[in-house]
Structures are given as structure tokens and as C-alpha cells.
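**Q** I have a structure I would like to understand better, so I am pasting it below and will then ask my questions one at a time.
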Amino acid sequence: MLKRLLIVAALVLSQPLLAASNAPWGSAPDLDIEYSKQKVVYDTAVDTVDALTSVLDRASYLSVLNGADPFDNKIVIVLHGHEIDYFATKNYPKHKALMERAQSLTVGGIIEFRMCRVAAEGRGFQPKDIHGFVSMVPMGDAEIVRLQHEGYAYMR
């Protein structure tokens, strides 16, 4: 009985301390995990430069985390939304920095861009209108499914 009374008293006395704390559960543990040998497909349909920049940042960082090894890692960014406009050669002056960054990600062979031909045509573009570092595929959704069947993990 005395043991229960001491436990209850300890809990009651600790309540003001827990209520005053902004971290009643402590801090998040920082796990040290090594990543490698990943194949990833990004399903990309965004409508702002900031959103596309976020996809490029995430893909680039994932490549670095995986050791940037073109034999063991592959990242495919499938484009099938409003971002298609950014990749049009006629829009290069407006989106020069963004396109230079996107193209630079393809240099090591780990990251590649594939664009849905149906979506591009729906936005008024033919393959000749799109920068040469982007490959056209018949349909973005079908390409994403195909890549998943080849073992690519799906990212949105």
C-alpha cells in the first residue's frame, strides 16, 4: 500500500514538470542508416517551380545517400503534369537556372527524366520541343507501372 502511495505521489508531483515541458516524450533518436542499391521512380505532376525544385532536391539527395553509384542505383523522374512547360525549349530563357540544374543531375547516369508524350502533346509539345536530356515515353502512368514491375520503388 505504501508503495502505491509513493508512486501516486511521484506522478502527481511530476505533472507540473511534464506539463511545462515542450518535449514530454524527449527528443527523436537520430538513426545512423546506410542506404544503397535503390531503384526509385518519382511520379511527378507539379505546377510550381518550387514544387519541381523540391523533387530535384529530393532525388539529388537520395542519389548522394546511395553513394552516387550508377551501377547499383537508378532514379527516374517521370514528368506528366504542368512541369512539362518548364522543359520546353521555348521556355528556356525563363527557366534557364532550373533546366541547367535538372540537366546537371543527369550527368552521372543515376538520375534521368522521362516525359509522358500524351501529356506533352496535350500541352502542345512534341519531342522536338523538349530539351534533349529528357526522354519521351508513350504514357507516364504506364512507364511508372513498368518501372515498378522492374523493382523500382514508387515515390510521389
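Following the order of the C-alpha cells, chains are lettered A, B, ..., residues in each are numbered from 1, and ligands are numbered from 1.
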Run DSSP on the backbone and give me the residues of stretch 24-153 of chain A it puts in alpha helix (DSSP H), as a ChimeraX atom specification.

**A** /A:49-65,96-105,117-122,140-149

**Q** For the residues in that selection, give me N, CA and C atoms as a compact mmCIF listing (two decimals), in the first residue's frame.

**A**
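New file selection.txt:
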# COMPACT_ATOMS: atom_id res chain seq x y z
N VAL A 49 7.44 26.05 -59.79
CA VAL A 49 8.90 25.88 -59.82
C VAL A 49 9.38 25.35 -58.48
N ASP A 50 8.82 25.87 -57.39
CA ASP A 50 9.24 25.41 -56.06
C ASP A 50 8.96 23.92 -55.86
N ALA A 51 7.82 23.45 -56.34
CA ALA A 51 7.49 22.03 -56.20
C ALA A 51 8.44 21.17 -57.03
N LEU A 52 8.77 21.60 -58.24
CA LEU A 52 9.72 20.84 -59.06
C LEU A 52 11.11 20.89 -58.43
N THR A 53 11.49 22.04 -57.91
CA THR A 53 12.78 22.16 -57.23
C THR A 53 12.86 21.19 -56.05
N SER A 54 11.77 21.03 -55.34
CA SER A 54 11.73 20.08 -54.23
C SER A 54 11.95 18.65 -54.71
N VAL A 55 11.35 18.27 -55.84
CA VAL A 55 11.57 16.94 -56.40
C VAL A 55 13.04 16.76 -56.78
N LEU A 56 13.61 17.78 -57.43
CA LEU A 56 15.03 17.70 -57.82
C LEU A 56 15.92 17.59 -56.59
N ASP A 57 15.61 18.35 -55.54
CA ASP A 57 16.39 18.29 -54.30
C ASP A 57 16.33 16.89 -53.69
N ARG A 58 15.12 16.34 -53.61
CA ARG A 58 14.96 15.01 -53.01
C ARG A 58 15.68 13.94 -53.82
N ALA A 59 15.54 13.98 -55.13
CA ALA A 59 16.21 12.99 -55.99
C ALA A 59 17.72 13.11 -55.87
N SER A 60 18.20 14.33 -55.88
CA SER A 60 19.65 14.56 -55.76
C SER A 60 20.18 14.04 -54.43
N TYR A 61 19.48 14.35 -53.35
CA TYR A 61 19.92 13.91 -52.03
C TYR A 61 19.86 12.39 -51.91
N LEU A 62 18.82 11.78 -52.48
CA LEU A 62 18.73 10.32 -52.46
C LEU A 62 19.90 9.70 -53.20
N SER A 63 20.28 10.30 -54.31
CA SER A 63 21.44 9.82 -55.07
C SER A 63 22.70 9.88 -54.21
N VAL A 64 22.89 10.96 -53.49
CA VAL A 64 24.06 11.12 -52.61
C VAL A 64 24.02 10.09 -51.49
N LEU A 65 22.85 9.91 -50.87
CA LEU A 65 22.73 8.93 -49.78
C LEU A 65 23.05 7.51 -50.24
N LYS A 96 15.97 29.00 -67.25
CA LYS A 96 17.34 28.60 -67.53
C LYS A 96 18.01 27.94 -66.32
N ALA A 97 17.99 28.56 -65.16
CA ALA A 97 18.66 28.01 -63.97
C ALA A 97 18.06 26.66 -63.57
N LEU A 98 16.74 26.55 -63.64
CA LEU A 98 16.07 25.30 -63.28
C LEU A 98 16.45 24.19 -64.25
N MET A 99 16.49 24.49 -65.54
CA MET A 99 16.83 23.48 -66.54
C MET A 99 18.31 23.10 -66.47
N GLU A 100 19.18 24.06 -66.20
CA GLU A 100 20.60 23.72 -66.04
C GLU A 100 20.79 22.79 -64.85
N ARG A 101 20.05 23.04 -63.79
CA ARG A 101 20.14 22.16 -62.62
C ARG A 101 19.61 20.77 -62.96
N ALA A 102 18.45 20.70 -63.60
CA ALA A 102 17.87 19.40 -63.96
C ALA A 102 18.83 18.63 -64.87
N GLN A 103 19.37 19.29 -65.88
CA GLN A 103 20.30 18.62 -66.80
C GLN A 103 21.54 18.14 -66.06
N SER A 104 22.04 18.93 -65.13
CA SER A 104 23.26 18.55 -64.41
C SER A 104 23.05 17.28 -63.58
N LEU A 105 21.83 17.04 -63.14
CA LEU A 105 21.54 15.83 -62.36
C LEU A 105 21.66 14.57 -63.21
N ARG A 117 4.48 11.42 -73.32
CA ARG A 117 4.21 12.01 -74.63
C ARG A 117 2.76 12.49 -74.72
N VAL A 118 1.82 11.74 -74.17
CA VAL A 118 0.41 12.12 -74.20
C VAL A 118 0.21 13.46 -73.47
N ALA A 119 0.81 13.58 -72.29
CA ALA A 119 0.68 14.82 -71.52
C ALA A 119 1.37 15.98 -72.24
N ALA A 120 2.53 15.72 -72.82
CA ALA A 120 3.24 16.78 -73.55
C ALA A 120 2.42 17.25 -74.74
N GLU A 121 1.88 16.32 -75.51
CA GLU A 121 1.05 16.70 -76.65
C GLU A 121 -0.19 17.45 -76.20
N GLY A 122 -0.75 17.07 -75.06
CA GLY A 122 -1.90 17.78 -74.51
C GLY A 122 -1.57 19.22 -74.14
N GLY A 140 3.06 8.32 -69.25
CA GLY A 140 3.72 8.41 -67.95
C GLY A 140 3.25 7.36 -66.96
N ASP A 141 1.93 7.18 -66.85
CA ASP A 141 1.41 6.20 -65.90
C ASP A 141 1.88 4.79 -66.23
N ALA A 142 1.85 4.44 -67.53
CA ALA A 142 2.30 3.11 -67.95
C ALA A 142 3.79 2.93 -67.67
N GLU A 143 4.57 4.01 -67.83
CA GLU A 143 6.01 3.92 -67.55
C GLU A 143 6.26 3.70 -66.05
N ILE A 144 5.49 4.37 -65.22
CA ILE A 144 5.63 4.19 -63.77
C ILE A 144 5.30 2.75 -63.38
N VAL A 145 4.24 2.21 -63.94
CA VAL A 145 3.87 0.82 -63.66
C VAL A 145 4.95 -0.13 -64.14
N ARG A 146 5.46 0.11 -65.36
CA ARG A 146 6.51 -0.75 -65.92
C ARG A 146 7.75 -0.76 -65.02
N LEU A 147 8.14 0.43 -64.57
CA LEU A 147 9.32 0.53 -63.70
C LEU A 147 9.08 -0.16 -62.36
N GLN A 148 7.87 -0.06 -61.84
CA GLN A 148 7.58 -0.77 -60.59
C GLN A 148 7.70 -2.29 -60.79
N HIS A 149 7.29 -2.78 -61.93
CA HIS A 149 7.44 -4.21 -62.23
C HIS A 149 8.91 -4.61 -62.34

**Q** Separation of atom CA of A:Glu150 and atom CA of A:Asn73, in Å?

**A**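 Distance between the two atoms: 13.1 Å.
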
**Q** Measuring between only C-alpha atoms, which one of A:Leu31, A:Ser36, A:Ala153, A:Ile111 shows the shortest distance to A:Val134?

**A**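 With only C-alpha atoms as the atom set, the closest residue is A:Ile111.
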
**Q** Considering only C-alpha atoms, state which residue in the set A:Pro70, A:Pro93, A:Gly81, A:Gly124 is at the smallest distance from A:Met139.

**A**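 Among the listed residues, the smallest separation from A:Met139 belongs to A:Gly81.
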
**Q** For A:Lys128, work out the shell of residues within 10 Å, counting only C-alpha atoms and skipping chain neighbours fewer than 4 positions away, then give it as a VMD selection string.

**A** chain A and resid 88 to 89 132

**Q** What does the structure give for the distance between atom CA of A:Phe133 and atom CA of A:Asp69, in Å to one decimal?

**A**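 Those two atoms sit 19.5 Å apart.
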
**Q** What's around A:Leu79 at 9 Å? Count only C-alpha atoms, leave out sequence neighbours fewer than 4 positions away in its own chain, and write the answer as a PyMOL selection string.

**A** chain A and resi 42-46+83-84+113-116+119+140

**Q** Using only C-alpha atoms, pick whichever of A:Met136, A:Asn66, A:Gly108, A:His95 has the shortest atom-to-atom distance to A:Glu34.

**A** A:Asn66

**Q** Rank nothing, just name the residue among A:Val76, A:Pro138, A:Gly109, A:Val41 nearest to A:Gln126, using only C-alpha atoms.

**A**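 Looking at the shortest contact to A:Gln126, the residue is A:Pro138.
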
**Q** Quick one: DSSP strand (DSSP E or B) residues in stretch 57-139 of chain A, as a ChimeraX atom specification?

**A** /A:74-79,88,111-116,130,134-137

**Q** Would you mind exporting all heavy atoms of the selected residues as a compact mmCIF listing (two decimals), in the first residue's frame?

**A**
# COMPACT_ATOMS: atom_id res chain seq x y z
N LYS A 74 19.49 3.83 -59.39
CA LYS A 74 18.87 4.47 -60.53
C LYS A 74 17.65 5.24 -60.03
O LYS A 74 16.86 4.72 -59.24
CB LYS A 74 18.43 3.41 -61.55
CG LYS A 74 18.01 3.96 -62.86
CD LYS A 74 19.20 4.49 -63.61
CE LYS A 74 18.79 4.88 -65.01
NZ LYS A 74 19.76 5.68 -65.68
N ILE A 75 17.52 6.46 -60.50
CA ILE A 75 16.38 7.31 -60.14
C ILE A 75 15.78 7.83 -61.45
O ILE A 75 16.48 8.47 -62.24
CB ILE A 75 16.81 8.47 -59.24
CG1 ILE A 75 17.39 7.95 -57.93
CG2 ILE A 75 15.63 9.41 -58.98
CD1 ILE A 75 18.07 9.00 -57.07
N VAL A 76 14.51 7.54 -61.66
CA VAL A 76 13.81 8.01 -62.85
C VAL A 76 12.72 8.97 -62.39
O VAL A 76 11.90 8.63 -61.54
CB VAL A 76 13.19 6.85 -63.65
CG1 VAL A 76 12.42 7.37 -64.85
CG2 VAL A 76 14.27 5.86 -64.09
N ILE A 77 12.74 10.17 -62.95
CA ILE A 77 11.73 11.17 -62.66
C ILE A 77 10.79 11.22 -63.86
O ILE A 77 11.19 11.62 -64.95
CB ILE A 77 12.36 12.55 -62.39
CG1 ILE A 77 13.31 12.46 -61.18
CG2 ILE A 77 11.29 13.61 -62.17
CD1 ILE A 77 14.14 13.71 -60.95
N VAL A 78 9.56 10.75 -63.66
CA VAL A 78 8.57 10.72 -64.73
C VAL A 78 7.73 12.00 -64.64
O VAL A 78 7.10 12.28 -63.63
CB VAL A 78 7.68 9.47 -64.66
CG1 VAL A 78 6.61 9.49 -65.75
CG2 VAL A 78 8.52 8.20 -64.76
N LEU A 79 7.76 12.77 -65.73
CA LEU A 79 7.08 14.06 -65.80
C LEU A 79 5.78 13.92 -66.58
O LEU A 79 5.79 13.44 -67.72
CB LEU A 79 7.98 15.07 -66.52
CG LEU A 79 9.42 15.19 -66.00
CD1 LEU A 79 10.29 15.90 -67.01
CD2 LEU A 79 9.43 15.90 -64.65
N ALA A 88 10.22 22.76 -71.88
CA ALA A 88 10.09 23.15 -73.30
C ALA A 88 11.22 24.10 -73.66
O ALA A 88 11.52 25.04 -72.92
CB ALA A 88 8.74 23.82 -73.54
N ILE A 111 20.40 9.68 -62.36
CA ILE A 111 19.09 10.31 -62.46
C ILE A 111 18.76 10.55 -63.92
O ILE A 111 19.60 11.04 -64.68
CB ILE A 111 19.05 11.65 -61.68
CG1 ILE A 111 19.31 11.40 -60.18
CG2 ILE A 111 17.72 12.37 -61.89
CD1 ILE A 111 19.44 12.65 -59.35
N GLU A 112 17.53 10.20 -64.30
CA GLU A 112 17.10 10.50 -65.66
C GLU A 112 15.65 10.98 -65.63
O GLU A 112 14.90 10.69 -64.71
CB GLU A 112 17.31 9.34 -66.61
CG GLU A 112 16.36 8.21 -66.49
CD GLU A 112 16.63 7.14 -67.56
OE1 GLU A 112 17.59 6.37 -67.38
OE2 GLU A 112 15.88 7.09 -68.55
N PHE A 113 15.32 11.74 -66.66
CA PHE A 113 13.98 12.30 -66.81
C PHE A 113 13.28 11.62 -67.97
O PHE A 113 13.86 11.47 -69.06
CB PHE A 113 14.04 13.80 -67.09
CG PHE A 113 14.56 14.60 -65.93
CD1 PHE A 113 15.92 14.82 -65.78
CD2 PHE A 113 13.69 15.12 -64.99
CE1 PHE A 113 16.41 15.55 -64.72
CE2 PHE A 113 14.17 15.86 -63.92
CZ PHE A 113 15.53 16.07 -63.77
N ARG A 114 12.03 11.21 -67.74
CA ARG A 114 11.19 10.66 -68.79
C ARG A 114 9.88 11.44 -68.77
O ARG A 114 9.32 11.67 -67.71
CB ARG A 114 10.95 9.17 -68.58
CG ARG A 114 12.24 8.38 -68.63
CD ARG A 114 12.04 6.91 -68.51
NE ARG A 114 13.35 6.26 -68.35
CZ ARG A 114 13.50 5.00 -68.02
NH1 ARG A 114 12.44 4.23 -67.84
NH2 ARG A 114 14.71 4.50 -67.87
N MET A 115 9.42 11.81 -69.95
CA MET A 115 8.22 12.64 -70.06
C MET A 115 7.12 11.88 -70.79
O MET A 115 7.38 11.23 -71.81
CB MET A 115 8.54 13.93 -70.80
CG MET A 115 7.37 14.90 -70.90
SD MET A 115 7.84 16.43 -71.75
CE MET A 115 8.87 17.20 -70.50
N CYS A 116 5.92 12.02 -70.29
CA CYS A 116 4.74 11.42 -70.91
C CYS A 116 4.44 12.15 -72.22
O CYS A 116 4.19 13.36 -72.23
CB CYS A 116 3.55 11.55 -69.95
SG CYS A 116 1.99 10.99 -70.64
N ILE A 130 11.17 19.67 -76.63
CA ILE A 130 11.62 19.38 -75.26
C ILE A 130 13.14 19.21 -75.25
O ILE A 130 13.72 18.66 -76.18
CB ILE A 130 10.93 18.09 -74.73
CG1 ILE A 130 9.39 18.26 -74.78
CG2 ILE A 130 11.40 17.74 -73.33
CD1 ILE A 130 8.81 19.39 -73.95
N VAL A 134 15.85 14.92 -71.74
CA VAL A 134 14.59 14.28 -71.34
C VAL A 134 14.22 13.26 -72.41
O VAL A 134 14.27 13.57 -73.60
CB VAL A 134 13.46 15.33 -71.20
CG1 VAL A 134 12.14 14.65 -70.83
CG2 VAL A 134 13.83 16.39 -70.19
N SER A 135 13.84 12.05 -72.01
CA SER A 135 13.36 11.03 -72.94
C SER A 135 11.84 11.01 -72.91
O SER A 135 11.23 11.11 -71.85
CB SER A 135 13.88 9.65 -72.55
OG SER A 135 15.29 9.62 -72.59
N MET A 136 11.24 10.84 -74.09
CA MET A 136 9.78 10.75 -74.18
C MET A 136 9.36 9.29 -74.10
O MET A 136 9.99 8.43 -74.72
CB MET A 136 9.29 11.35 -75.49
CG MET A 136 9.51 12.84 -75.58
SD MET A 136 8.52 13.74 -74.39
CE MET A 136 7.41 14.56 -75.47
N VAL A 137 8.31 9.03 -73.34
CA VAL A 137 7.72 7.70 -73.26
C VAL A 137 6.26 7.82 -73.69
O VAL A 137 5.67 8.90 -73.59
CB VAL A 137 7.83 7.09 -71.83
CG1 VAL A 137 9.29 6.86 -71.46
CG2 VAL A 137 7.15 7.96 -70.79
